[in-house]
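Peer 1: My questions will all concern the structure given below.
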Amino acid sequence: MRMLLKSIAALMLLVLLAVLALVFLVDANRFKPRIEAIAKDQGIALQINGDLGWDLWPSLGVAVNDLRVAALDAPDQPIAELKQASLMLALLPLFSGDFQVDHIALDGAVISLKVDASGKGNWEALSQPDQPAKTSPQPDAAADANLKLDIQHISLSDSNVNYSDAQSGQVIALRDINLTMSDVNTRAVPFALDLSFVMELAQAGADKVELQAALKNTLSVDAAMNNLKIADGRLQAEIIGEETAEIALDYALDITHLQQEPAYKGAINLTEINARTLLAALGTELKTSNKDALSKLAFSAGVDGNNKKVKLDNLKLMVDNTTLSGSIGITDFATGALKLVLDGDEINLDDYLPPPAETTEQTAAAPTEDTQLPLESLRGLNINAKLTLKKIIVNKIALENIALQLLAKNGMIEQNLTANAYAGAITAKGQLDARGQQAQVQFDAGVEGLELEPLLNDMEMNSNFGLQGAVQARALGSTQGNSVNQLFKTLRSNATFSGAQVRLLPINLEQQFCQLVNLVNQIEEPEKVWNEFTEMNELSGSIKWRDELITIDTFKAGVEKLQLGSTGKINLATDEYDIFLPFKLLKDKTDTITADQVAVTTSGGGCSIGSQYWLERGMELLRCKGSFGAINPLSDCRPDKELLVELTKDYAVYKLKEKHGAKYEEKKDELKQKVEKEKNKLLDKLQQRLDKRAASSASASTAPAESTAASTTSTSDAAP
């Protein structure tokens, strides 16, 4: 045994002497031509301009200086350069099979990547043609199951990566790269990693953007290289463009099963930033109605996923004064299936819309830009989303307790919405079918107990007219097209509505009726203070929407003792409306109607009639016509001239029949001239009173001058 030990010691001494002789007697630079020749055989132009050197004690190592790598056909255009590199191994632990590295250091590395006008990268010249794969013995899994690795220090300093693309004009410069890692090991003991760099981004026609970033965290990895843990992560970055923005991100991540199917779990937290400043630094100017919108943005969430799916749970997103919580996940990367569940407090979407454009005659006359529907993208959607909000404001309309569900798959998109608004309830269901050449849309929407006055106030539509009271309504419809304008133009819908104690302001339709009766009866209007509204009882009706034209199918409302109807159209394409308001005076038990006496008084004591002619007679006398966008009942609603002429003539005939009785038919021809004379006489008086009323209404109207001018033009067909 002693002899055996002496033999082994002698052998180790010989090996040590051989290594010493190699280090001290052989110049490593003698191997440079051979190394460069081997690289050339692999299609690489390798230049080692500096010295090669090695050390033996107390560490075994090698150093290289001034190294360049290029393609054989362009050896003077290096793709990679290295100022200095060294690798030092602890010598004694090698004899026991322990791989301990004192340090790995790279300094002054420069990588230059270029894409030419044809889309070819300069690095492609380094690749060799595919060679038949050589069969090599598979490594023993058991032997590689545990890797003992200890490195005291790893560093990469003063290094750069440059990328340019002649096709897109994009230039990326990654410079001042500094990476340090200390006490690197495979014993699952945490070790530190620090990385800093500066990245410059430039795009043809755009300003340069610079990113200065520093990253710190700890890593731990096991001997099987199967589990990796990133902890105490902190990324701090400064983006410098037209403005400067700062970002701070904390993170942690556990990665398991690295050798099979990696899975990861962790958390991320974005400290509050100013998103407007960030976008400005990136070269995007944000224009919103609220100049402070997106000035506060923060985010935190847990991360859980693998190579097939990922989920952000315990999510908390703060956007200005709005907080959203819930989860977002891609449940299948292969299909892009997205699942979202969010709950929020309050948000005003109007703050994030573009500011109102200044309207000029030129822009007002210009055609509205159309927006094409992204049908191909819609077909690819795979979404299951639920969103609840306490309050949201859209186009100045306030909705509360919103619950929205959206399902999209295989080109079919379905949505279901419920909300409360203005003391009422809103429900809406819709379906968009994007599977064909055109989008097909169907919807069913309704409101219950919706208060009209606060709605019009919020929409700023109450300057010329007002509505008070609650209504119920339901609309069913469909449309089709490939753009927003097409969907609007082909919209077809049927709607019904009803309400009770609904007031229309500032016009009083009972007053209008009484004044017409007094005009025709040639009775002076009594002094009376009228209410500046019309109260409609048991309001109900239905409308149709076809080809940008809204038609009133049915309309019924009780106004005092009057039964009010309506017929007409609203033309959305021309922004005009033309509506007739038929009246019918009803009688009840309180009215006195005999052969000798007629005494019918409206409920408010507005007027009395002295003839049965006015009872139960449908009279389409009042006509409202003007701009639908600037509707103004006081100036838009006038007695219709043609219908008033017919009524005057008919009333004259009625009075003659009443006076002459049965003899009227005998004297019919003789009385024609008298009827015509009586009609003209009445019309002259009507003209005077109508002119007086028109002047009075014009002075009482609060409409802007331009609206009044438009209304005057639109009522040219009404009575003068």
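We label chains A, B, ... in the order they appear in the structure tokens, count residues from 1 in each chain, and number ligands from 1 in the order shown.
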Got a sec: who's within 8 Å of Asp433 of chain A, counting only C-alpha atoms, leaving out chain neighbours fewer than 5 positions off, as a PyMOL selection string?
Peer 2: chain A and resi 411-413+439-441
Peer 1: Can you write out the residues you just picked, keeping N, CA and C atoms, as a tab-separated table (two decimals), in the first residue's frame?
Peer 2:
chain	number	residue	atom	x	y	z
A	411	GLY	N	-65.73	34.68	-33.81
A	411	GLY	CA	-66.39	35.73	-34.59
A	411	GLY	C	-67.72	36.17	-34.05
A	412	MET	N	-68.18	35.59	-32.94
A	412	MET	CA	-69.43	36.00	-32.30
A	412	MET	C	-69.12	36.76	-31.02
A	413	ILE	N	-69.64	37.98	-30.91
A	413	ILE	CA	-69.39	38.82	-29.75
A	413	ILE	C	-70.74	39.17	-29.12
A	439	ALA	N	-70.33	42.87	-40.89
A	439	ALA	CA	-70.73	42.68	-39.50
A	439	ALA	C	-72.26	42.76	-39.40
A	440	GLN	N	-72.84	41.83	-38.66
A	440	GLN	CA	-74.27	41.82	-38.40
A	440	GLN	C	-74.49	42.10	-36.92
A	441	VAL	N	-75.30	43.13	-36.61
A	441	VAL	CA	-75.50	43.56	-35.23
A	441	VAL	C	-76.98	43.48	-34.88
Peer 1: I'd like the contact shell of Asp116 of chain A - 12 Å cut-off, only C-alpha atoms, skipping same-chain residues fewer than 5 positions apart - returned as a list of chain:residue names.
Peer 2: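 Listed by chain and then number, they are A:Gly121, A:Asn122, A:Trp123, A:Glu124, A:Tyr163, A:Ser164, A:Asp165, A:Ala166, A:Gln167, A:Ser168, A:Gly169, A:Gln170.
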Peer 1: Pull the helix (DSSP H, G or I) assignments for segment 379-535 of chain A out of DSSP run on the backbone, and list those residues as JSON, numbers by chain.
Peer 2: {"A": [379, 452, 453, 454, 455, 456, 457, 458, 484, 485, 486, 487, 488, 489, 509, 510, 511, 512, 513, 514, 515, 516, 517, 518, 519, 520, 521]}
Peer 1: Find the spatial neighbours of segment 82-88 of chain A, counting only C-alpha atoms, within a cut-off of 6 Å - ignore same-chain residues fewer than 3 positions away - and output them as a count of residues only.
Peer 2: 18
Peer 1: Name the residues in contact with Leu278 of chain A at a cut-off of 8 Å, using only C-alpha atoms, excluding same-chain residues fewer than 2 positions from it; report them as a PDB file with N, CA and C atoms, in the first residue's frame.
Peer 2:
ATOM      1  N   ILE A 239     -36.475  57.645 -18.548  1.00  0.00           N
ATOM      2  CA  ILE A 239     -36.671  57.767 -19.991  1.00  0.00           C
ATOM      3  C   ILE A 239     -36.546  59.235 -20.357  1.00  0.00           C
ATOM      4  N   GLU A 243     -39.492  65.021 -22.928  1.00  0.00           N
ATOM      5  CA  GLU A 243     -39.594  65.186 -21.491  1.00  0.00           C
ATOM      6  C   GLU A 243     -38.874  64.018 -20.826  1.00  0.00           C
ATOM      7  N   THR A 244     -38.750  64.074 -19.506  1.00  0.00           N
ATOM      8  CA  THR A 244     -38.071  63.019 -18.759  1.00  0.00           C
ATOM      9  C   THR A 244     -39.058  62.371 -17.796  1.00  0.00           C
ATOM     10  N   ALA A 245     -39.088  61.030 -17.830  1.00  0.00           N
ATOM     11  CA  ALA A 245     -39.994  60.284 -16.959  1.00  0.00           C
ATOM     12  C   ALA A 245     -39.209  59.216 -16.212  1.00  0.00           C
ATOM     13  N   GLU A 246     -39.628  58.956 -14.974  1.00  0.00           N
ATOM     14  CA  GLU A 246     -38.975  57.952 -14.152  1.00  0.00           C
ATOM     15  C   GLU A 246     -39.927  56.797 -13.875  1.00  0.00           C
ATOM     16  N   ILE A 273     -46.632  56.500 -11.349  1.00  0.00           N
ATOM     17  CA  ILE A 273     -45.928  57.300 -12.348  1.00  0.00           C
ATOM     18  C   ILE A 273     -46.919  58.247 -13.015  1.00  0.00           C
ATOM     19  N   ASN A 274     -46.387  59.215 -13.733  1.00  0.00           N
ATOM     20  CA  ASN A 274     -47.191  60.120 -14.546  1.00  0.00           C
ATOM     21  C   ASN A 274     -47.173  59.593 -15.971  1.00  0.00           C
ATOM     22  N   ALA A 275     -48.287  58.977 -16.386  1.00  0.00           N
ATOM     23  CA  ALA A 275     -48.339  58.359 -17.714  1.00  0.00           C
ATOM     24  C   ALA A 275     -48.265  59.395 -18.834  1.00  0.00           C
ATOM     25  N   ARG A 276     -48.764  60.590 -18.601  1.00  0.00           N
ATOM     26  CA  ARG A 276     -48.687  61.646 -19.623  1.00  0.00           C
ATOM     27  C   ARG A 276     -47.226  62.002 -19.890  1.00  0.00           C
ATOM     28  N   ALA A 280     -45.071  61.386 -23.306  1.00  0.00           N
ATOM     29  CA  ALA A 280     -44.373  62.519 -23.926  1.00  0.00           C
ATOM     30  C   ALA A 280     -42.899  62.202 -24.112  1.00  0.00           C
ATOM     31  N   ALA A 281     -42.296  61.530 -23.114  1.00  0.00           N
ATOM     32  CA  ALA A 281     -40.890  61.142 -23.227  1.00  0.00           C
ATOM     33  C   ALA A 281     -40.677  60.144 -24.362  1.00  0.00           C
ATOM     34  N   LEU A 282     -41.704  59.323 -24.623  1.00  0.00           N
ATOM     35  CA  LEU A 282     -41.625  58.335 -25.713  1.00  0.00           C
ATOM     36  C   LEU A 282     -42.015  58.932 -27.061  1.00  0.00           C
TER      37      LEU A 282
END
Peer 1: For atom CA of Gln236 of chain A and atom CA of Ala188 of chain A, determine how far apart the two atoms are, in Å to one decimal place.
Peer 2: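 About the pair atom CA of Gln236 of chain A and atom CA of Ala188 of chain A: they are 26.4 Å apart.
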Peer 1: Just asking: which residues within segment 149-358 of chain A are strand (DSSP E) according to DSSP, as a PyMOL selection string?
Peer 2: chain A and resi 149-165+171-185+191-202+209-221+228-240+244-256+263-273+297-306+310-319+322-332+337-348
Peer 1: As a list in words, please: the residues near Ala231 of chain A (cut-off 7 Å, only C-alpha atoms, same-chain neighbours under 3 positions excluded).
Peer 2: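 Final neighbour list, sorted by chain and number: Asn217, Thr218, Leu219, Ala252 and Leu253 of chain A.
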